[in-house]
Amino acid sequence: MPEKERKGSKVVNLGFDNLVFRERIVAIISPDSAPVKRLVSESRRRGRLIDVTNGRKTRAVIVTDSDFIILSSIQPESLKGRL
């Protein structure tokens with residue numbers, strides 16, 4: 001089940017039992033472009049990167065409203081469907 005109720009807030013499964021609150025997601029983007037790669041690199045440098053790929057290839061980059069960047073191994077289209 002991709003969405004679960006938790007005290008009135010819905011969460012989205014990012015894979016490997018990692019969840020994020022739906023209302024915290026600002027954008028789900030593909031990791032292939034140079035600007036996104038710079039965003040990921042800068043977030044890693046600042047300690048604001050969360051990697052939930054479990055060692056697999058990064059297929060989606062999730063931007064949150066709290067300035068964290070989350071890397072997921074789930075395709076952006078699949079994550080969009082889970083929203």
# chains A, B, ... in the order shown; residues from 1 in each chain; ligands from 1
>>> select_by_dssp(residues="chain A", states="helix (DSSP H, G or I)", output="list in words")
Arg22, Glu23, Arg24, Ala34, Pro35, Val36, Lys37, Arg38, Leu39, Val40, Ser41, Glu42, Ser43, Arg44, Arg45, Arg46, Pro76, Glu77, Ser78, Leu79, Lys80, Gly81 and Arg82 of chain A
>>> write_last_selection(atoms="C-alpha atoms", output="short mmCIF file (atom, residue, chain, number, x, y, z; two decimals), in the first residue's frame")
data_model
loop_
_atom_site.label_atom_id
_atom_site.label_comp_id
_atom_site.auth_asym_id
_atom_site.auth_seq_id
_atom_site.Cartn_x
_atom_site.Cartn_y
_atom_site.Cartn_z
CA ARG A 22 3.04 13.82 1.29
CA GLU A 23 2.60 17.50 2.17
CA ARG A 24 6.38 17.95 2.59
CA ALA A 34 23.41 18.89 -14.75
CA PRO A 35 21.44 21.33 -12.52
CA VAL A 36 19.93 18.44 -10.56
CA LYS A 37 23.36 16.83 -10.18
CA ARG A 38 24.67 20.14 -8.79
CA LEU A 39 21.69 20.33 -6.42
CA VAL A 40 22.41 16.81 -5.14
CA SER A 41 26.12 17.55 -4.77
CA GLU A 42 25.47 20.78 -2.88
CA SER A 43 22.95 19.06 -0.60
CA ARG A 44 25.45 16.31 0.15
CA ARG A 45 28.10 18.91 1.00
CA ARG A 46 25.68 20.73 3.35
CA PRO A 76 9.42 9.55 -10.82
CA GLU A 77 6.30 8.33 -12.67
CA SER A 78 5.77 5.59 -10.07
CA LEU A 79 6.18 8.06 -7.21
CA LYS A 80 3.71 10.41 -8.90
CA GLY A 81 1.21 7.56 -9.02
CA ARG A 82 1.70 6.97 -5.30
#
>>> atom_distance(atom1="CA of Gln75 in chain A", atom2="CA of Lys10 in chain A")
19.9 Å
>>> select_by_dssp(residues="chain A", states="strand (DSSP E)", output="ChimeraX atom specification")
/A:3-6,9-15,18-21,25-29,49-51,60-64,69-72
>>> residues_around(residues="range 52-61 of chain A", least_positions_apart="3", cutoff="8 Å", atoms="only C-alpha atoms", output="list in words")
Leu14, Gly15, Phe16, Asn18, Ile28, Ile29, Ser30, Pro31, Ile69, Ile70, Leu71, Ser72, Ser73, Ile74, Gln75 and Pro76 of chain A
>>> write_last_selection(atoms="N, CA and C atoms", output="short mmCIF file (atom, residue, chain, number, x, y, z; two decimals), in the first residue's frame")
data_model
loop_
_atom_site.label_atom_id
_atom_site.label_comp_id
_atom_site.auth_asym_id
_atom_site.auth_seq_id
_atom_site.Cartn_x
_atom_site.Cartn_y
_atom_site.Cartn_z
N LEU A 14 8.72 5.53 -0.38
CA LEU A 14 9.79 5.83 -1.34
C LEU A 14 10.60 4.60 -1.69
N GLY A 15 10.20 3.46 -1.19
CA GLY A 15 10.91 2.21 -1.43
C GLY A 15 11.67 1.78 -0.19
N PHE A 16 11.78 0.46 -0.01
CA PHE A 16 12.51 -0.13 1.12
C PHE A 16 11.98 0.37 2.46
N ASN A 18 10.80 3.17 3.37
CA ASN A 18 11.11 4.56 3.69
C ASN A 18 9.91 5.41 3.29
N ILE A 28 9.31 16.22 -7.53
CA ILE A 28 9.93 14.93 -7.82
C ILE A 28 10.52 15.07 -9.21
N ILE A 29 11.86 14.94 -9.31
CA ILE A 29 12.53 15.21 -10.57
C ILE A 29 13.49 14.08 -10.94
N SER A 30 13.81 14.00 -12.21
CA SER A 30 14.77 13.02 -12.72
C SER A 30 16.19 13.48 -12.38
N PRO A 31 17.09 12.57 -12.04
CA PRO A 31 18.43 12.95 -11.61
C PRO A 31 19.43 13.17 -12.74
N ILE A 69 17.00 17.00 0.40
CA ILE A 69 16.90 16.34 -0.89
C ILE A 69 16.94 14.84 -0.60
N ILE A 70 15.98 14.10 -1.16
CA ILE A 70 15.90 12.66 -0.94
C ILE A 70 16.13 11.95 -2.27
N LEU A 71 17.05 10.97 -2.27
CA LEU A 71 17.31 10.16 -3.46
C LEU A 71 16.54 8.85 -3.33
N SER A 72 15.81 8.48 -4.38
CA SER A 72 15.03 7.25 -4.38
C SER A 72 15.35 6.42 -5.61
N SER A 73 15.21 5.10 -5.48
CA SER A 73 15.44 4.21 -6.62
C SER A 73 14.14 3.91 -7.37
N ILE A 74 13.06 4.56 -6.99
CA ILE A 74 11.77 4.41 -7.67
C ILE A 74 11.64 5.47 -8.75
N GLN A 75 11.10 5.10 -9.90
CA GLN A 75 10.92 6.03 -11.01
C GLN A 75 10.01 7.18 -10.61
N PRO A 76 10.28 8.40 -11.13
CA PRO A 76 9.42 9.55 -10.82
C PRO A 76 7.94 9.30 -11.16
#
>>> residues_around(residues="Thr64 in chain A", least_positions_apart="2", cutoff="7 Å", atoms="only C-alpha atoms", output="ChimeraX atom specification")
/A:24-26,62,66-69
